[in-house]
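Dropping target11.cif in here (mmCIF, C-alpha atoms):
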data_upload
#
loop_
_atom_site.group_PDB
_atom_site.id
_atom_site.type_symbol
_atom_site.label_atom_id
_atom_site.label_comp_id
_atom_site.auth_asym_id
_atom_site.auth_seq_id
_atom_site.Cartn_x
_atom_site.Cartn_y
_atom_site.Cartn_z
ATOM 1 C CA MET A 1 -51.238 -47.494 -35.326
ATOM 2 C CA ALA A 2 -47.527 -46.796 -35.113
ATOM 3 C CA ILE A 3 -44.649 -47.914 -37.316
ATOM 4 C CA CYS A 4 -41.803 -49.993 -35.860
ATOM 5 C CA GLU A 5 -38.494 -48.185 -36.335
ATOM 6 C CA VAL A 6 -36.634 -51.464 -36.943
ATOM 7 C CA CYS A 7 -38.795 -53.475 -39.353
ATOM 8 C CA GLY A 8 -41.242 -50.823 -40.577
ATOM 9 C CA ASN A 9 -44.308 -52.852 -39.628
ATOM 10 C CA ASP A 10 -47.429 -50.737 -39.043
ATOM 11 C CA TYR A 11 -48.967 -52.516 -36.042
ATOM 12 C CA SER A 12 -51.899 -51.630 -33.803
ATOM 13 C CA LEU A 13 -50.191 -53.071 -30.696
ATOM 14 C CA SER A 14 -46.844 -51.327 -31.105
ATOM 15 C CA PHE A 15 -45.264 -49.819 -28.000
ATOM 16 C CA GLU A 16 -42.847 -47.069 -27.049
ATOM 17 C CA VAL A 17 -39.642 -47.252 -25.036
ATOM 18 C CA HIS A 18 -38.587 -44.040 -23.282
ATOM 19 C CA THR A 19 -34.873 -43.860 -22.399
ATOM 20 C CA VAL A 20 -33.167 -41.898 -19.632
ATOM 21 C CA ASP A 21 -31.747 -39.436 -22.160
ATOM 22 C CA GLY A 22 -35.304 -38.541 -23.227
ATOM 23 C CA SER A 23 -35.375 -40.321 -26.576
ATOM 24 C CA VAL A 24 -38.450 -42.329 -27.556
ATOM 25 C CA HIS A 25 -38.372 -45.489 -29.675
ATOM 26 C CA THR A 26 -41.349 -47.296 -31.241
ATOM 27 C CA PHE A 27 -41.373 -51.080 -31.765
ATOM 28 C CA ASP A 28 -43.867 -53.737 -32.779
ATOM 29 C CA SER A 29 -42.167 -56.593 -30.893
ATOM 30 C CA ILE A 30 -39.687 -57.385 -28.147
ATOM 31 C CA GLU A 31 -37.412 -58.850 -30.846
ATOM 32 C CA CYS A 32 -37.201 -55.509 -32.661
ATOM 33 C CA ALA A 33 -36.639 -53.658 -29.377
ATOM 34 C CA ALA A 34 -33.810 -56.031 -28.443
ATOM 35 C CA HIS A 35 -32.264 -55.741 -31.904
ATOM 36 C CA LYS A 36 -32.144 -51.958 -31.621
ATOM 37 C CA MET A 37 -31.450 -51.400 -27.919
ATOM 38 C CA ALA A 38 -29.769 -54.395 -26.286
ATOM 39 C CA PRO A 39 -26.061 -54.013 -25.564
ATOM 40 C CA VAL A 40 -23.578 -56.237 -27.398
ATOM 41 C CA CYS A 41 -21.075 -58.515 -25.637
ATOM 42 C CA ASP A 42 -17.546 -57.136 -26.035
ATOM 43 C CA ASN A 43 -16.202 -60.674 -26.421
ATOM 44 C CA CYS A 44 -18.564 -62.764 -28.563
ATOM 45 C CA GLY A 45 -20.795 -60.068 -30.079
ATOM 46 C CA CYS A 46 -24.146 -61.517 -29.009
ATOM 47 C CA LYS A 47 -27.003 -59.293 -27.841
ATOM 48 C CA VAL A 48 -27.204 -59.229 -24.046
ATOM 49 C CA LEU A 49 -30.733 -59.876 -22.815
ATOM 50 C CA GLY A 50 -30.687 -59.869 -19.038
ATOM 51 C CA HIS A 51 -28.352 -58.349 -16.504
ATOM 52 C CA GLY A 52 -25.048 -59.196 -18.224
ATOM 53 C CA HIS A 53 -21.642 -58.555 -16.667
ATOM 54 C CA GLN A 54 -19.662 -55.328 -16.531
ATOM 55 C CA ALA A 55 -15.910 -55.139 -15.981
ATOM 56 C CA GLY A 56 -13.204 -52.657 -16.847
ATOM 57 C CA GLY A 57 -15.593 -50.458 -18.812
ATOM 58 C CA GLN A 58 -16.689 -53.393 -20.965
ATOM 59 C CA PHE A 59 -19.999 -55.267 -21.149
ATOM 60 C CA PHE A 60 -20.242 -59.066 -21.389
ATOM 61 C CA CYS A 61 -23.037 -61.606 -21.770
ATOM 62 C CA CYS A 62 -21.518 -63.974 -19.179
ATOM 63 C CA ALA A 63 -18.601 -64.463 -16.799
ATOM 64 C CA HIS A 64 -16.949 -66.787 -19.320
ATOM 65 C CA CYS A 65 -16.731 -63.968 -21.884
ATOM 66 C CA ALA A 66 -15.453 -61.563 -19.207
ATOM 67 C CA ARG A 67 -12.685 -64.033 -18.276
ATOM 68 C CA ALA A 68 -11.881 -64.619 -21.963
ATOM 69 C CA GLN A 69 -11.046 -60.905 -22.214
ATOM 70 C CA GLY A 70 -8.729 -61.156 -19.192
ATOM 71 C CA THR A 71 -11.092 -59.523 -16.742
ATOM 72 C CA ALA A 72 -10.450 -60.763 -13.219
ATOM 73 C CA SER A 73 -13.258 -58.784 -11.632
ATOM 74 C CA TRP A 74 -16.833 -58.404 -12.878
ATOM 75 C CA ARG A 75 -20.112 -57.337 -11.354
ATOM 76 C CA THR A 76 -23.812 -57.639 -12.067
ATOM 77 C CA ALA A 77 -26.886 -56.123 -10.517
ATOM 78 C CA ARG A 78 -27.790 -59.589 -9.213
ATOM 79 C CA SER A 79 -24.336 -60.965 -8.508
ATOM 80 C CA PRO A 80 -24.512 -63.997 -6.167
ATOM 81 C CA ARG A 81 -21.415 -62.723 -4.385
ATOM 82 C CA ALA A 82 -23.071 -59.366 -3.719
ATOM 83 C CA ALA A 83 -26.000 -61.201 -2.139
ATOM 84 C CA GLY A 84 -23.677 -63.249 0.073
ATOM 85 C CA VAL A 85 -24.413 -66.503 -1.770
ATOM 86 C CA ALA A 86 -21.612 -68.772 -2.961
ATOM 87 C CA ALA A 87 -21.150 -68.439 -6.711
ATOM 88 C CA ARG A 88 -21.516 -71.595 -8.798
ATOM 89 C CA ARG A 89 -18.714 -72.147 -11.319
ATOM 90 C CA HIS A 90 -19.516 -73.024 -14.907
ATOM 91 C CA SER A 91 -16.988 -74.780 -17.083
ATOM 92 C CA PRO A 92 -15.789 -72.612 -20.015
#
Show this structure as structure tokens.
Amino acid sequence: MAICEVCGNDYSLSFEVHTVDGSVHTFDSIECAAHKMAPVCDNCGCKVLGHGHQAGGQFFCCAHCARAQGTASWRTARSPRAAGVAARRHSP
């Protein structure tokens, strides 16, 4: 069994996450992994689970937060515009 580095739980089904910089983290749940490793939105402070939005060196949870910080241009790995699909607008 391994001990979760966030909550300290000693759990038989814990798992490791290996990062590109070579560090290894041990967690007992996805919640603990997200708490420790997920990026934080530079506008609202929530944890970003999913692709998020990057603009001007900042990271956002959604296009609304990117616009709220005055960012005119943002990109995601799965941006509808990058795929040639018309983007759907959401009201702020």
If the PyMOL selection byres ((chain A and resi 43) around 9) were run on this exact file, what residues would it hold? Put them as an mmCIF file with C-alpha atoms, in the coordinates of the input.
data_model
loop_
_atom_site.group_PDB
_atom_site.id
_atom_site.type_symbol
_atom_site.label_atom_id
_atom_site.label_comp_id
_atom_site.auth_asym_id
_atom_site.auth_seq_id
_atom_site.Cartn_x
_atom_site.Cartn_y
_atom_site.Cartn_z
ATOM 1 C CA VAL A 40 -23.578 -56.237 -27.398
ATOM 2 C CA CYS A 41 -21.075 -58.515 -25.637
ATOM 3 C CA ASP A 42 -17.546 -57.136 -26.035
ATOM 4 C CA CYS A 44 -18.564 -62.764 -28.563
ATOM 5 C CA GLY A 45 -20.795 -60.068 -30.079
ATOM 6 C CA CYS A 46 -24.146 -61.517 -29.009
ATOM 7 C CA PHE A 59 -19.999 -55.267 -21.149
ATOM 8 C CA PHE A 60 -20.242 -59.066 -21.389
ATOM 9 C CA CYS A 61 -23.037 -61.606 -21.770
ATOM 10 C CA CYS A 65 -16.731 -63.968 -21.884
ATOM 11 C CA ALA A 66 -15.453 -61.563 -19.207
ATOM 12 C CA ALA A 68 -11.881 -64.619 -21.963
ATOM 13 C CA GLN A 69 -11.046 -60.905 -22.214
#
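Proximity to Cys32 of chain A was assessed for A:Val6, A:Val20, A:Cys62, A:Met1 counting only C-alpha atoms; the smallest distance is recorded for A:Val6.
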Contacts of Thr26 of chain A at 7 Å (all atoms listed in the file; same-chain gap of 4+ positions) as a list in words:
Ile3, Cys4, Glu5, Ser14, Phe15, Glu16 and Val17 of chain A
C-alpha atoms of the current selection, written as a short mmCIF file (atom, residue, chain, number, x, y, z; two decimals), keeping the file's coordinate frame:
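The result, stored in again_36.cif:
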data_model
loop_
_atom_site.label_atom_id
_atom_site.label_comp_id
_atom_site.auth_asym_id
_atom_site.auth_seq_id
_atom_site.Cartn_x
_atom_site.Cartn_y
_atom_site.Cartn_z
CA ILE A 3 -44.65 -47.91 -37.32
CA CYS A 4 -41.80 -49.99 -35.86
CA GLU A 5 -38.49 -48.18 -36.34
CA SER A 14 -46.84 -51.33 -31.10
CA PHE A 15 -45.26 -49.82 -28.00
CA GLU A 16 -42.85 -47.07 -27.05
CA VAL A 17 -39.64 -47.25 -25.04
#
How would you write, as a tab-separated table (two decimals) with C-alpha atoms, keeping the file's coordinate frame, the residues chosen by the PyMOL selection byres ((chain A and resi 34) around 12) on this structure?
chain	number	residue	atom	x	y	z
A	6	VAL	CA	-36.63	-51.46	-36.94
A	17	VAL	CA	-39.64	-47.25	-25.04
A	25	HIS	CA	-38.37	-45.49	-29.68
A	26	THR	CA	-41.35	-47.30	-31.24
A	27	PHE	CA	-41.37	-51.08	-31.76
A	28	ASP	CA	-43.87	-53.74	-32.78
A	29	SER	CA	-42.17	-56.59	-30.89
A	30	ILE	CA	-39.69	-57.38	-28.15
A	31	GLU	CA	-37.41	-58.85	-30.85
A	32	CYS	CA	-37.20	-55.51	-32.66
A	33	ALA	CA	-36.64	-53.66	-29.38
A	35	HIS	CA	-32.26	-55.74	-31.90
A	36	LYS	CA	-32.14	-51.96	-31.62
A	37	MET	CA	-31.45	-51.40	-27.92
A	38	ALA	CA	-29.77	-54.40	-26.29
A	39	PRO	CA	-26.06	-54.01	-25.56
A	40	VAL	CA	-23.58	-56.24	-27.40
A	46	CYS	CA	-24.15	-61.52	-29.01
A	47	LYS	CA	-27.00	-59.29	-27.84
A	48	VAL	CA	-27.20	-59.23	-24.05
A	49	LEU	CA	-30.73	-59.88	-22.82
A	50	GLY	CA	-30.69	-59.87	-19.04
How far is it from atom CA of Thr71 of chain A to atom CA of Ala55 of chain A, in Å with one decimal?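 Computing the Euclidean distance for atom CA of Thr71 of chain A and atom CA of Ala55 of chain A yields 6.6 Å.
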Straight-line distance linking atom CA of His64 of chain A with atom CA of His51 of chain A, stated in Å to one decimal: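 Answer for the atom CA of His64 of chain A to atom CA of His51 of chain A separation: 14.5 Å.
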Checklist entry - Between atom CA of Gly70 of chain A and atom CA of Gly56 of chain A, what is the distance, to one decimal in Å? => result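 That distance, rounded to one decimal, is 9.9 Å.
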